[in-house]
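> work09.cif is the file, holding mmCIF, C-alpha atoms and all ligand atoms:
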```cif
data_model
#
loop_
_atom_site.label_atom_id
_atom_site.label_comp_id
_atom_site.auth_asym_id
_atom_site.auth_seq_id
_atom_site.Cartn_x
_atom_site.Cartn_y
_atom_site.Cartn_z
CA PRO A 1140 -218.68 25.14 83.81
CA PRO A 1141 -217.58 28.68 84.68
CA SER A 1142 -215.78 30.33 81.81
CA GLN A 1143 -212.05 30.48 82.40
CA ASP A 1144 -209.43 32.86 81.11
CA PRO A 1145 -207.00 30.97 78.87
CA PRO A 1146 -203.53 30.65 80.40
CA ARG A 1147 -200.83 32.85 78.91
CA ILE A 1148 -198.37 31.20 76.55
CA HIS A 1149 -194.74 32.08 77.01
CA ARG A 1150 -191.45 31.04 75.54
CA LEU A 1151 -189.45 28.52 77.57
CA ASP A 1152 -186.02 29.51 78.71
CA GLU A 1153 -183.37 28.11 76.41
CA SER A 1154 -181.76 26.29 79.31
CA VAL A 1155 -185.05 24.55 80.09
CA VAL A 1156 -185.49 23.54 76.43
CA ASN A 1157 -181.97 22.17 76.30
CA ARG A 1158 -182.33 20.16 79.48
CA ILE A 1159 -185.62 18.63 78.33
CA ALA A 1160 -184.12 17.69 74.96
CA ALA A 1161 -181.05 16.29 76.66
CA GLY A 1162 -183.18 14.04 78.83
CA GLU A 1163 -184.59 12.43 75.68
CA VAL A 1164 -181.25 11.81 74.00
CA ILE A 1165 -179.53 10.62 77.17
CA GLN A 1166 -182.20 8.46 78.75
CA ARG A 1167 -179.91 6.55 81.10
CA PRO A 1168 -176.21 5.89 81.65
CA VAL A 1169 -176.02 3.26 78.93
CA SER A 1170 -177.28 5.82 76.38
CA ALA A 1171 -174.34 8.07 77.23
CA VAL A 1172 -171.92 5.17 76.79
CA LYS A 1173 -173.49 4.30 73.43
CA GLU A 1174 -173.12 7.86 72.12
CA LEU A 1175 -169.52 8.11 73.31
CA VAL A 1176 -168.50 4.75 71.86
CA GLU A 1177 -170.17 5.60 68.55
CA ASN A 1178 -168.21 8.85 68.46
CA SER A 1179 -165.03 6.86 69.04
CA ILE A 1180 -165.91 4.49 66.21
CA ASP A 1181 -166.74 7.44 63.94
CA ALA A 1182 -163.30 8.86 64.80
CA GLY A 1183 -161.66 5.78 63.26
CA SER A 1184 -160.45 4.29 66.54
CA THR A 1185 -158.92 0.83 66.74
CA SER A 1186 -159.02 0.64 70.50
CA ILE A 1187 -161.83 1.81 72.78
CA ASN A 1188 -161.77 1.49 76.55
CA VAL A 1189 -164.69 2.16 78.87
CA SER A 1190 -164.61 2.54 82.62
CA VAL A 1191 -167.68 3.05 84.80
CA LYS A 1192 -168.44 3.91 88.43
CA ASP A 1193 -171.81 3.37 90.12
CA GLY A 1194 -173.50 2.04 86.99
CA GLY A 1195 -172.45 5.18 85.16
CA LEU A 1196 -174.24 7.67 87.42
CA LYS A 1197 -171.05 8.82 89.13
CA PHE A 1198 -168.50 8.41 86.38
CA ILE A 1199 -168.17 7.20 82.78
CA GLN A 1200 -164.90 7.37 80.91
CA VAL A 1201 -164.44 6.46 77.25
CA SER A 1202 -160.90 6.57 75.82
CA ASP A 1203 -160.06 6.01 72.20
CA ASP A 1204 -157.13 6.24 69.79
CA GLY A 1205 -159.05 8.00 67.04
CA HIS A 1206 -158.29 11.17 65.09
CA GLY A 1207 -158.84 13.53 68.00
CA ILE A 1208 -160.46 16.97 68.00
CA ARG A 1209 -158.87 20.18 66.72
CA TYR A 1210 -157.99 22.87 69.24
CA GLU A 1211 -159.97 25.45 67.21
CA ASP A 1212 -163.12 23.31 67.46
CA LEU A 1213 -163.08 22.90 71.23
CA PRO A 1214 -165.10 26.09 71.93
CA ILE A 1215 -168.13 24.79 69.97
CA LEU A 1216 -167.59 21.05 70.55
CA CYS A 1217 -170.41 20.78 73.08
CA GLU A 1218 -172.86 23.27 71.65
CA ARG A 1219 -176.11 21.83 70.35
CA HIS A 1220 -176.18 21.07 66.62
CA THR A 1221 -172.44 21.26 66.06
CA THR A 1222 -171.06 18.33 64.08
CA SER A 1223 -168.28 17.43 61.66
CA LYS A 1224 -170.42 14.72 60.03
CA LEU A 1225 -173.37 16.34 58.28
CA SER A 1226 -173.89 19.52 56.32
CA ALA A 1227 -176.97 19.33 54.11
CA PHE A 1228 -180.15 17.48 55.07
CA GLU A 1229 -179.80 15.41 51.90
CA ASP A 1230 -176.49 14.04 53.18
CA LEU A 1231 -178.50 12.03 55.71
CA GLN A 1232 -179.38 9.72 52.84
CA SER A 1233 -175.84 8.56 52.40
CA ILE A 1234 -174.47 9.10 55.89
CA LYS A 1235 -171.86 6.53 56.90
CA SER A 1236 -171.11 7.81 60.38
CA MET A 1237 -173.27 6.89 63.33
CA GLY A 1238 -173.52 10.46 64.51
CA PHE A 1239 -175.04 13.26 62.47
CA ARG A 1240 -177.06 15.52 64.75
CA GLY A 1241 -174.46 17.11 66.95
CA GLU A 1242 -176.66 16.47 69.97
CA ALA A 1243 -174.90 13.88 72.07
CA LEU A 1244 -172.05 15.81 73.66
CA ALA A 1245 -174.22 18.89 74.09
CA SER A 1246 -176.92 16.82 75.79
CA MET A 1247 -174.42 15.37 78.21
CA THR A 1248 -173.26 18.81 79.26
CA TYR A 1249 -176.86 19.76 80.15
CA VAL A 1250 -177.33 16.79 82.47
CA ALA A 1251 -173.78 16.08 83.69
CA HIS A 1252 -170.24 17.42 83.93
CA VAL A 1253 -168.16 16.69 80.86
CA THR A 1254 -164.38 16.79 80.55
CA VAL A 1255 -162.61 16.23 77.24
CA THR A 1256 -158.92 15.45 76.76
CA THR A 1257 -157.76 15.19 73.17
CA ILE A 1258 -154.73 15.29 70.94
CA THR A 1259 -154.50 15.34 67.15
CA SER A 1260 -151.68 13.72 65.22
CA GLY A 1261 -148.43 15.62 64.94
CA GLN A 1262 -149.05 17.61 68.16
CA LEU A 1263 -146.64 17.54 71.07
CA HIS A 1264 -149.30 17.91 73.70
CA GLY A 1265 -153.03 17.64 74.03
CA TYR A 1266 -155.71 19.81 75.59
CA ARG A 1267 -158.12 19.30 78.41
CA VAL A 1268 -161.29 21.29 78.91
CA SER A 1269 -164.52 20.92 80.91
CA TYR A 1270 -168.00 21.86 79.77
CA ARG A 1271 -171.31 22.75 81.35
CA ASP A 1272 -174.58 23.63 79.64
CA GLY A 1273 -173.01 23.58 76.21
CA VAL A 1274 -170.08 25.91 76.91
CA MET A 1275 -166.45 25.63 77.99
CA GLU A 1276 -165.89 26.36 81.65
CA HIS A 1277 -162.39 27.71 80.99
CA GLU A 1278 -159.83 27.95 78.20
CA PRO A 1279 -158.44 24.56 77.11
CA ARG A 1280 -155.36 23.65 79.16
CA ALA A 1281 -152.33 22.07 77.58
CA CYS A 1282 -151.67 18.63 78.99
CA ALA A 1283 -149.88 15.38 78.26
CA ALA A 1284 -152.01 13.06 76.16
CA VAL A 1285 -151.77 9.82 74.23
CA LYS A 1286 -153.24 9.50 70.73
CA GLY A 1287 -156.98 10.11 70.56
CA THR A 1288 -159.69 11.38 72.83
CA GLN A 1289 -160.81 10.69 76.35
CA ILE A 1290 -164.19 11.86 77.57
CA VAL A 1291 -165.32 11.76 81.17
CA ILE A 1292 -168.95 12.20 82.22
CA GLU A 1293 -169.50 12.84 85.92
CA ASN A 1294 -172.59 13.11 88.10
CA LEU A 1295 -175.06 12.19 85.40
CA PHE A 1296 -178.55 13.62 86.01
CA TYR A 1297 -177.31 15.73 88.95
CA ASN A 1298 -179.93 18.31 87.90
CA MET A 1299 -182.74 15.85 87.10
CA ILE A 1300 -183.77 14.61 90.50
CA ALA A 1301 -186.69 12.42 89.38
CA ARG A 1302 -184.58 10.64 86.76
CA LYS A 1303 -181.74 10.14 89.16
CA ASN A 1304 -183.98 8.73 91.85
CA SER A 1305 -185.76 6.31 89.56
CA LEU A 1306 -182.41 5.04 88.25
CA LYS A 1307 -181.07 4.70 91.77
CA ASN A 1308 -184.09 2.64 92.77
CA SER A 1309 -183.62 0.03 90.06
CA ALA A 1310 -180.71 -2.23 89.21
CA ASP A 1311 -177.81 -0.21 87.87
CA ASP A 1312 -176.87 0.05 84.20
CA TYR A 1313 -173.57 -1.80 84.37
CA PRO A 1314 -174.97 -5.07 82.90
CA LYS A 1315 -176.57 -3.05 80.10
CA ILE A 1316 -173.25 -1.36 79.40
CA ILE A 1317 -171.49 -4.74 79.28
CA ASP A 1318 -174.17 -6.00 76.91
CA LEU A 1319 -173.75 -2.95 74.67
CA LEU A 1320 -169.97 -3.29 74.47
CA SER A 1321 -170.29 -7.02 73.76
CA ARG A 1322 -172.50 -6.25 70.77
CA PHE A 1323 -170.14 -3.61 69.41
CA ALA A 1324 -167.18 -5.93 69.96
CA ILE A 1325 -168.52 -8.74 67.79
CA HIS A 1326 -169.58 -6.45 64.98
CA HIS A 1327 -166.50 -4.21 64.92
CA LYS A 1328 -164.10 -7.10 65.01
CA ASN A 1329 -161.18 -4.92 63.92
CA VAL A 1330 -161.53 -2.71 66.97
CA SER A 1331 -160.47 -3.85 70.41
CA PHE A 1332 -162.87 -3.00 73.21
CA SER A 1333 -162.66 -3.20 76.94
CA CYS A 1334 -165.10 -2.35 79.67
CA LYS A 1335 -164.52 -2.42 83.39
CA LYS A 1336 -165.69 -0.99 86.65
CA HIS A 1337 -163.58 2.00 87.63
CA GLY A 1338 -160.61 0.83 89.69
CA ALA A 1339 -161.13 -2.85 88.89
CA SER A 1340 -158.07 -4.67 87.67
CA THR A 1341 -159.84 -7.00 85.25
CA ALA A 1342 -162.16 -6.09 82.41
CA ASP A 1343 -165.65 -7.56 82.04
CA VAL A 1344 -165.56 -7.22 78.28
CA HIS A 1345 -162.24 -7.62 76.62
CA SER A 1346 -161.91 -8.16 72.91
CA VAL A 1347 -158.81 -7.97 70.79
CA ALA A 1348 -158.99 -7.11 67.10
CA MET A 1349 -159.77 -10.46 65.46
CA SER A 1350 -159.57 -11.78 61.98
CA SER A 1351 -162.74 -13.88 62.09
CA ARG A 1352 -166.21 -13.08 63.32
CA LEU A 1353 -166.47 -16.45 65.01
CA ASP A 1354 -163.29 -15.74 66.99
CA ALA A 1355 -164.76 -12.42 68.04
CA ILE A 1356 -167.99 -14.08 69.17
CA ARG A 1357 -166.01 -16.74 71.03
CA SER A 1358 -163.92 -14.18 72.86
CA VAL A 1359 -166.94 -12.14 73.94
CA TYR A 1360 -169.78 -14.65 74.39
CA GLY A 1361 -167.66 -17.72 75.13
CA VAL A 1362 -167.06 -21.12 73.54
CA SER A 1363 -170.44 -22.49 74.60
CA VAL A 1364 -172.06 -20.00 72.22
CA ALA A 1365 -169.44 -20.02 69.48
CA ARG A 1366 -169.31 -23.80 69.03
CA ASN A 1367 -173.04 -24.01 68.34
CA LEU A 1368 -173.40 -21.49 65.55
CA ILE A 1369 -174.32 -21.78 61.89
CA LYS A 1370 -173.22 -19.23 59.32
CA VAL A 1371 -176.06 -17.58 57.39
CA GLU A 1372 -175.82 -15.47 54.27
CA ALA A 1373 -178.20 -14.04 51.72
CA SER A 1374 -177.99 -11.47 49.04
CA ASP A 1375 -180.37 -10.07 46.44
CA ALA A 1376 -179.33 -7.89 43.60
CA ASP A 1377 -181.12 -6.54 40.60
CA SER A 1378 -179.29 -5.86 37.36
CA SER A 1379 -177.86 -2.52 38.40
CA SER A 1380 -177.20 -2.79 42.14
CA PHE A 1381 -177.68 -4.85 45.25
CA ILE A 1382 -180.88 -4.28 47.14
CA PHE A 1383 -180.29 -6.44 50.18
CA GLU A 1384 -177.37 -8.24 51.74
CA MET A 1385 -177.23 -10.13 54.98
CA ASN A 1386 -174.73 -12.24 56.83
CA GLY A 1387 -174.36 -13.54 60.31
CA PHE A 1388 -174.42 -16.47 62.68
CA VAL A 1389 -177.38 -18.18 64.31
CA SER A 1390 -177.45 -20.90 66.94
CA ASP A 1391 -178.11 -24.55 66.11
CA SER A 1392 -180.11 -27.22 67.95
CA ASN A 1393 -177.35 -27.74 70.53
CA TYR A 1394 -177.64 -24.22 71.90
CA SER A 1395 -180.10 -23.52 74.64
CA ALA A 1396 -180.76 -20.37 76.61
CA LYS A 1397 -183.48 -18.81 78.70
CA LYS A 1398 -183.92 -15.88 76.39
CA THR A 1399 -183.13 -14.88 72.86
CA THR A 1400 -179.99 -12.83 72.20
CA MET A 1401 -180.31 -10.86 69.01
CA VAL A 1402 -177.48 -8.63 67.89
CA LEU A 1403 -178.63 -6.70 64.84
CA PHE A 1404 -176.72 -4.19 62.76
CA ILE A 1405 -178.37 -2.47 59.82
CA ASN A 1406 -175.98 -0.48 57.66
CA GLU A 1407 -173.43 -0.57 60.50
CA ARG A 1408 -175.90 0.74 63.07
CA LEU A 1409 -176.74 -1.24 66.17
CA VAL A 1410 -180.54 -1.28 66.16
CA GLU A 1411 -183.50 -3.19 67.47
CA CYS A 1412 -186.22 -4.70 65.32
CA THR A 1413 -188.89 -6.50 67.29
CA ALA A 1414 -190.68 -7.71 64.16
CA LEU A 1415 -187.55 -9.43 62.86
CA LYS A 1416 -186.77 -10.95 66.24
CA ARG A 1417 -190.30 -12.40 66.52
CA ALA A 1418 -190.12 -13.72 62.98
CA ILE A 1419 -186.89 -15.58 63.70
CA GLU A 1420 -188.19 -16.95 66.98
CA ILE A 1421 -191.15 -18.36 65.07
CA VAL A 1422 -188.79 -20.21 62.72
CA TYR A 1423 -186.97 -21.68 65.71
CA SER A 1424 -190.06 -22.86 67.53
CA ALA A 1425 -191.25 -24.52 64.33
CA THR A 1426 -187.95 -26.20 63.36
CA LEU A 1427 -186.02 -26.53 66.63
CA PRO A 1428 -188.61 -26.43 69.40
CA LYS A 1429 -186.03 -27.49 72.02
CA ALA A 1430 -183.72 -24.62 71.10
CA SER A 1431 -186.36 -21.99 70.64
CA LYS A 1432 -184.47 -19.12 72.32
CA PRO A 1433 -181.67 -18.60 69.81
CA PHE A 1434 -178.50 -16.56 69.67
CA ILE A 1435 -178.57 -14.41 66.56
CA TYR A 1436 -175.97 -12.07 65.12
CA ILE A 1437 -177.07 -10.51 61.85
CA SER A 1438 -175.62 -7.69 59.82
CA ILE A 1439 -177.84 -6.30 57.07
CA THR A 1440 -176.74 -3.94 54.33
CA LEU A 1441 -179.32 -2.01 52.36
CA PRO A 1442 -179.08 0.88 49.95
CA PRO A 1443 -178.82 3.91 52.25
CA GLU A 1444 -181.87 5.52 50.66
CA HIS A 1445 -183.96 2.57 51.93
CA VAL A 1446 -183.14 3.26 55.56
CA ASP A 1447 -184.43 6.21 57.55
CA VAL A 1448 -182.06 6.64 60.48
CA ASN A 1449 -183.78 9.68 61.88
CA VAL A 1450 -186.91 8.17 63.45
CA HIS A 1451 -185.91 7.71 67.06
CA PRO A 1452 -184.34 10.10 69.60
CA THR A 1453 -181.79 7.48 70.63
CA LYS A 1454 -181.51 6.12 67.06
CA ARG A 1455 -182.43 2.75 68.55
CA GLU A 1456 -184.82 2.02 65.72
CA VAL A 1457 -184.59 2.69 62.03
CA SER A 1458 -187.34 2.47 59.48
CA LEU A 1459 -186.85 0.30 56.41
CA LEU A 1460 -188.34 0.27 53.00
CA ASN A 1461 -189.81 -3.20 52.22
CA GLN A 1462 -189.46 -4.39 55.81
CA GLU A 1463 -191.85 -7.33 55.33
CA VAL A 1464 -190.02 -8.62 52.28
CA ILE A 1465 -186.68 -8.39 54.07
CA ILE A 1466 -188.01 -10.20 57.11
CA GLU A 1467 -189.44 -13.02 55.00
CA ARG A 1468 -186.17 -13.38 53.14
CA ILE A 1469 -184.22 -13.70 56.38
CA GLN A 1470 -186.78 -16.11 57.80
CA SER A 1471 -186.53 -18.45 54.83
CA THR A 1472 -182.71 -18.31 54.78
CA ILE A 1473 -182.53 -19.27 58.44
CA GLU A 1474 -185.22 -21.93 58.11
CA LEU A 1475 -183.35 -23.63 55.29
CA LYS A 1476 -180.10 -23.61 57.27
CA LEU A 1477 -181.77 -25.08 60.32
CA ARG A 1478 -183.45 -27.84 58.30
CA ASN A 1479 -180.15 -28.73 56.64
CA PHE A 1480 -178.49 -28.81 60.02
CA ASN A 1481 -181.20 -31.11 61.36
CA GLU A 1482 -180.85 -33.50 58.48
CA ALA A 1483 -177.09 -33.50 58.71
CA SER A 1484 -177.24 -34.35 62.39
CA THR A 1485 -179.94 -37.01 61.91
CA TYR A 1486 -177.97 -38.73 59.15
CA PRO A 1487 -174.38 -37.81 60.06
CA GLU A 1488 -172.90 -40.06 57.31
CA HIS A 1489 -174.23 -37.55 54.77
CA ALA A 1490 -172.89 -34.51 56.61
P1 LIG B 1501 -172.33 13.91 66.21
O1 LIG B 1501 -171.66 12.61 66.54
O2 LIG B 1501 -173.77 13.73 65.86
O3 LIG B 1501 -171.56 14.71 65.21
P2 LIG B 1501 -171.64 14.64 68.93
O4 LIG B 1501 -172.20 15.63 69.87
O5 LIG B 1501 -171.69 13.20 69.35
O6 LIG B 1501 -172.37 14.81 67.54
O7 LIG B 1501 -170.13 15.04 68.61
C1 LIG B 1501 -169.87 16.31 68.06
C2 LIG B 1501 -168.58 16.30 67.26
O8 LIG B 1501 -167.47 16.13 68.13
C3 LIG B 1501 -168.46 15.16 66.26
O9 LIG B 1501 -169.07 15.49 65.02
C4 LIG B 1501 -166.96 14.96 66.15
O10 LIG B 1501 -166.41 15.83 65.19
C5 LIG B 1501 -166.44 15.39 67.51
N1 LIG B 1501 -166.15 14.23 68.39
C6 LIG B 1501 -166.94 13.74 69.37
N2 LIG B 1501 -166.35 12.68 69.97
C7 LIG B 1501 -165.18 12.49 69.35
C8 LIG B 1501 -164.10 11.54 69.51
N3 LIG B 1501 -164.14 10.56 70.43
N4 LIG B 1501 -163.03 11.66 68.68
C9 LIG B 1501 -162.98 12.63 67.74
N5 LIG B 1501 -163.96 13.56 67.55
C10 LIG B 1501 -165.04 13.49 68.34
MG MG B 1502 -172.10 11.45 68.18
#
```
Hey, can you dump this file as structure tokens for me?

Amino acid sequence: PPSQDPPRIHRLDESVVNRIAAGEVIQRPVSAVKELVENSIDAGSTSINVSVKDGGLKFIQVSDDGHGIRYEDLPILCERHTTSKLSAFEDLQSIKSMGFRGEALASMTYVAHVTVTTITSGQLHGYRVSYRDGVMEHEPRACAAVKGTQIVIENLFYNMIARKNSLKNSADDYPKIIDLLSRFAIHHKNVSFSCKKHGASTADVHSVAMSSRLDAIRSVYGVSVARNLIKVEASDADSSSFIFEMNGFVSDSNYSAKKTTMVLFINERLVECTALKRAIEIVYSATLPKASKPFIYISITLPPEHVDVNVHPTKREVSLLNQEVIIERIQSTIELKLRNFNEASTYPEHA
């Protein structure tokens, strides 16, 4: 082949870098909703309300009653890598908040128009300010506000034509957003959540702060799910500390569905774990073949140093120390429960 001059290497414009990074953090409308709701949870909110237009492409609004944002912090709020949650890298090991990278709000300003209204306690009025490409578009304006923060994201992906077109061509994200809020609502049972289409009078997810998990599941997923659940629990500790704790609810033989619903929280983070899901499905097809697509809600607590939360751009996955052992432990706990349930229902006089 003819020899070719190597192409010149140049530095990308910062705005290009930021937009590319933003497209990874905010993959679709539901990712924006997840980041906003997690921020509201991190802010100690007890009530979080979501409203969405056009599957989130036109408009997403998340309102909370959390601690709000200081006036002095508004100028850097939407810059990349600005956060109130992390200082040293080592802190990641013990981080309790869902956020830590200071990427979410910044990312949104690179691919959408962001408006923040917020008030902190003791203030007579709040502030409203809009952002683009990481910076404030104007000085914050004083405005009336109720406790907490309201963030509006408009025209998502207005400057990413390919992304916008591919999202427009497929079913919109509203069902995914409903699904997300449903999952948060059953885990954070002390927070009330609502989610509706913008302008609609009734909410599609509506949970009130509940005292019991089962009540929360009933209010979100309905009685048909809640009445067919078995409580599962397991815990392992060595002499000095716990190494694994798990609790949740799984469906019994009277529950049937077309596909598995698995709601998994690990150290308070909503995550996915395909290996665990498969493992549980295997237990069901072996013990309850007629109910082999279960409903599963599981919350796992591990020592923070056993969980690496920084392995995925959307934090959808985490990596666990001793994953196989943990999966086997959960499998055997569920299997035992299901067998006991079977026996109890075969010989009800012993139940
Ligand atoms: P991170 O959550 O990783 O810190 P974000 O970009 O999501 O990064 O948010 C940046 C900062 O803005 C947060 O650290 C927090 O201090 C503040 N913030 C964002 N949303 C809210 C909210 N709803 N209520 C109070 N503070 C918020
Ligand atoms: Mg965040």
> Can you work out which one of A:Ala1348, A:Val1155, A:Ile1405, A:Ala1414 has the shortest atom-to-atom distance to A:Ser1331, counting all atoms listed in the file?
A:Ala1348
> Counting all atoms listed in the file, give me one row per residue of chain A with an atom at most 8 Å from an atom of ligand LIG 1501 (chain B), showing the shortest contact pair and its distance in Å to one decimal, sorted by chain then residue number, as a Markdown table.

```
| residue | atom | partner | partner_atom | distance |
| --- | --- | --- | --- | --- |
| A:Glu1174 | CA | B:LIG1501 | O5 | 6.2 |
| A:Leu1175 | CA | B:LIG1501 | N2 | 6.5 |
| A:Val1176 | CA | B:LIG1501 | N3 | 7.4 |
| A:Glu1177 | CA | B:LIG1501 | O1 | 7.4 |
| A:Asn1178 | CA | B:LIG1501 | N2 | 4.5 |
| A:Ser1179 | CA | B:LIG1501 | N3 | 4.1 |
| A:Ile1180 | CA | B:LIG1501 | N3 | 7.6 |
| A:Asp1181 | CA | B:LIG1501 | N4 | 7.4 |
| A:Ala1182 | CA | B:LIG1501 | C9 | 4.8 |
| A:Val1201 | CA | B:LIG1501 | N3 | 8.0 |
| A:Ser1202 | CA | B:LIG1501 | N3 | 7.4 |
| A:Asp1203 | CA | B:LIG1501 | N3 | 6.4 |
| A:Gly1205 | CA | B:LIG1501 | N4 | 5.7 |
| A:His1206 | CA | B:LIG1501 | C9 | 5.6 |
| A:Gly1207 | CA | B:LIG1501 | C9 | 4.2 |
| A:Ile1208 | CA | B:LIG1501 | N5 | 4.9 |
| A:Leu1216 | CA | B:LIG1501 | O8 | 5.5 |
| A:Cys1217 | CA | B:LIG1501 | O4 | 6.3 |
| A:Glu1218 | CA | B:LIG1501 | O4 | 7.9 |
| A:Arg1219 | CA | B:LIG1501 | O4 | 7.3 |
| A:His1220 | CA | B:LIG1501 | O6 | 7.4 |
| A:Thr1221 | CA | B:LIG1501 | C1 | 5.9 |
| A:Thr1222 | CA | B:LIG1501 | O9 | 3.6 |
| A:Ser1223 | CA | B:LIG1501 | O9 | 4.0 |
| A:Lys1224 | CA | B:LIG1501 | O9 | 5.2 |
| A:Leu1225 | CA | B:LIG1501 | O3 | 7.3 |
| A:Ser1236 | CA | B:LIG1501 | O1 | 7.8 |
| A:Met1237 | CA | B:LIG1501 | O1 | 6.8 |
| A:Gly1238 | CA | B:LIG1501 | O1 | 3.5 |
| A:Phe1239 | CA | B:LIG1501 | O2 | 3.7 |
| A:Arg1240 | CA | B:LIG1501 | O2 | 3.9 |
| A:Gly1241 | CA | B:LIG1501 | O6 | 3.2 |
| A:Glu1242 | CA | B:LIG1501 | O4 | 4.5 |
| A:Ala1243 | CA | B:LIG1501 | O4 | 3.9 |
| A:Leu1244 | CA | B:LIG1501 | O4 | 3.8 |
| A:Ala1245 | CA | B:LIG1501 | O4 | 5.7 |
| A:Ser1246 | CA | B:LIG1501 | O4 | 7.7 |
| A:Thr1257 | CA | B:LIG1501 | N4 | 7.8 |
| A:Gly1287 | CA | B:LIG1501 | N4 | 6.5 |
| A:Thr1288 | CA | B:LIG1501 | N3 | 5.1 |
| A:Gln1289 | CA | B:LIG1501 | N3 | 6.8 |
| A:Ile1290 | CA | B:LIG1501 | N3 | 7.3 |
```
> Select, from A:Ala1483, A:Leu1460, A:Ile1300, A:Ile1439, the residue with the minimum atom-to-atom distance to A:His1326, counting only C-alpha atoms.
A:Ile1439
> Once you count all atoms listed in the file, which residues end up no further than 10 Å from (-156.9, 26.6, 80.3) in the file's frame, shown as a ChimeraX atom specification?
/A:1266-1269,1275-1282
> Quick one: residues within 12 Å of A:Asn1298, only C-alpha atoms counted, chain neighbours fewer than 4 positions away excluded, as a VMD selection string?
chain A and resid 1154 to 1155 1158 to 1159 1161 to 1162 1247 to 1252 1271 to 1272 1293 to 1294 1302 to 1304
> Centre and edge lengths, as AutoDock Vina command-line options, for the axis-aligned box enclosing every listed atom of stretch 1429-1446 of chain A with 8 Å of padding on each of the six sides, in Å to one decimal?

```
--center_x -181.0 --center_y -11.0 --center_z 61.1 --size_x 26.7 --size_y 49.0 --size_z 38.4
```
> I need the residue nearest ligand MG 1502 (chain B) from this list: A:Ala1418, A:Val1191, A:Ala1171, A:Met1385. Use all atoms listed in the file for the distance.
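Using all atoms listed in the file, ligand MG 1502 (chain B) sits closest to A:Ala1171.
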> Scan for residues within 7 Å of the point (-153.7, 14.2, 70.4) in the coordinates of the file, using all atoms listed in the file, and reply as a compact mmCIF listing (two decimals) with C-alpha atoms, in the coordinates of the input.

```txt
# COMPACT_ATOMS: atom_id res chain seq x y z
CA GLY A 1207 -158.84 13.53 68.00
CA THR A 1257 -157.76 15.19 73.17
CA ILE A 1258 -154.73 15.29 70.94
CA THR A 1259 -154.50 15.34 67.15
CA SER A 1260 -151.68 13.72 65.22
CA GLN A 1262 -149.05 17.61 68.16
CA HIS A 1264 -149.30 17.91 73.70
CA GLY A 1265 -153.03 17.64 74.03
CA ALA A 1284 -152.01 13.06 76.16
CA VAL A 1285 -151.77 9.82 74.23
CA LYS A 1286 -153.24 9.50 70.73
CA GLY A 1287 -156.98 10.11 70.56
```
> As a compact mmCIF listing (two decimals) with C-alpha atoms, in the coordinates of the input, please: the residues near A:Ile1466 (cut-off 10 Å, all atoms listed in the file, same-chain neighbours under 2 positions excluded).

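Saved file out_22.txt follows:
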```txt
# COMPACT_ATOMS: atom_id res chain seq x y z
CA ALA A 1414 -190.68 -7.71 64.16
CA LEU A 1415 -187.55 -9.43 62.86
CA LYS A 1416 -186.77 -10.95 66.24
CA ARG A 1417 -190.30 -12.40 66.52
CA ALA A 1418 -190.12 -13.72 62.98
CA ILE A 1419 -186.89 -15.58 63.70
CA ASN A 1461 -189.81 -3.20 52.22
CA GLN A 1462 -189.46 -4.39 55.81
CA GLU A 1463 -191.85 -7.33 55.33
CA VAL A 1464 -190.02 -8.62 52.28
CA ARG A 1468 -186.17 -13.38 53.14
CA ILE A 1469 -184.22 -13.70 56.38
CA GLN A 1470 -186.78 -16.11 57.80
CA SER A 1471 -186.53 -18.45 54.83
CA THR A 1472 -182.71 -18.31 54.78
```
> Return the single residue from A:Ile1437, A:Val1164, A:Ile1148, A:Tyr1360 that is closest to ligand MG 1502 (chain B), with distances computed using only C-alpha atoms and all ligand atoms.
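Of the candidates, the smallest distance to ligand MG 1502 (chain B) is held by A:Val1164.
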> Between atom CA of A:Leu1441 and atom CA of A:Ile1382, what is the distance in Å, rounded to a tenth?
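Computed distance, atom CA of A:Leu1441 to atom CA of A:Ile1382, equals 5.9 Å.
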> Excluding A:Pro1452 and residues on its chain fewer than 2 positions from it, collect all residues at most 7 Å away from it, counting all atoms listed in the file, and give them as an mmCIF file with C-alpha atoms, keeping the file's coordinate frame.

```cif
data_model
loop_
_atom_site.group_PDB
_atom_site.id
_atom_site.type_symbol
_atom_site.label_atom_id
_atom_site.label_comp_id
_atom_site.auth_asym_id
_atom_site.auth_seq_id
_atom_site.Cartn_x
_atom_site.Cartn_y
_atom_site.Cartn_z
ATOM 1 C CA GLU A 1163 -184.590 12.430 75.680
ATOM 2 C CA VAL A 1164 -181.250 11.810 74.000
ATOM 3 C CA VAL A 1450 -186.910 8.170 63.450
ATOM 4 C CA LYS A 1454 -181.510 6.120 67.060
#
```
> Need the shell around A:Val1389: protein/DNA/RNA residues with any atom at most 9 Å away, counting only C-alpha atoms. Skip same-chain ones fewer than 6 positions apart. Format as a list in words?
Asn1367, Leu1368, Ile1369, Lys1370, Val1371, Pro1433, Phe1434, Ile1435, Tyr1436, Ile1437 and Ile1473 of chain A
> Write the residues of the selection above to a file with C-alpha atoms, as a tab-separated table (two decimals), in the frame of the given file.

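Contents of the output file result_33.tsv:
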```
chain	number	residue	atom	x	y	z
A	1367	ASN	CA	-173.04	-24.01	68.34
A	1368	LEU	CA	-173.40	-21.49	65.55
A	1369	ILE	CA	-174.32	-21.78	61.89
A	1370	LYS	CA	-173.22	-19.23	59.32
A	1371	VAL	CA	-176.06	-17.58	57.39
A	1433	PRO	CA	-181.67	-18.60	69.81
A	1434	PHE	CA	-178.50	-16.56	69.67
A	1435	ILE	CA	-178.57	-14.41	66.56
A	1436	TYR	CA	-175.97	-12.07	65.12
A	1437	ILE	CA	-177.07	-10.51	61.85
A	1473	ILE	CA	-182.53	-19.27	58.44
```
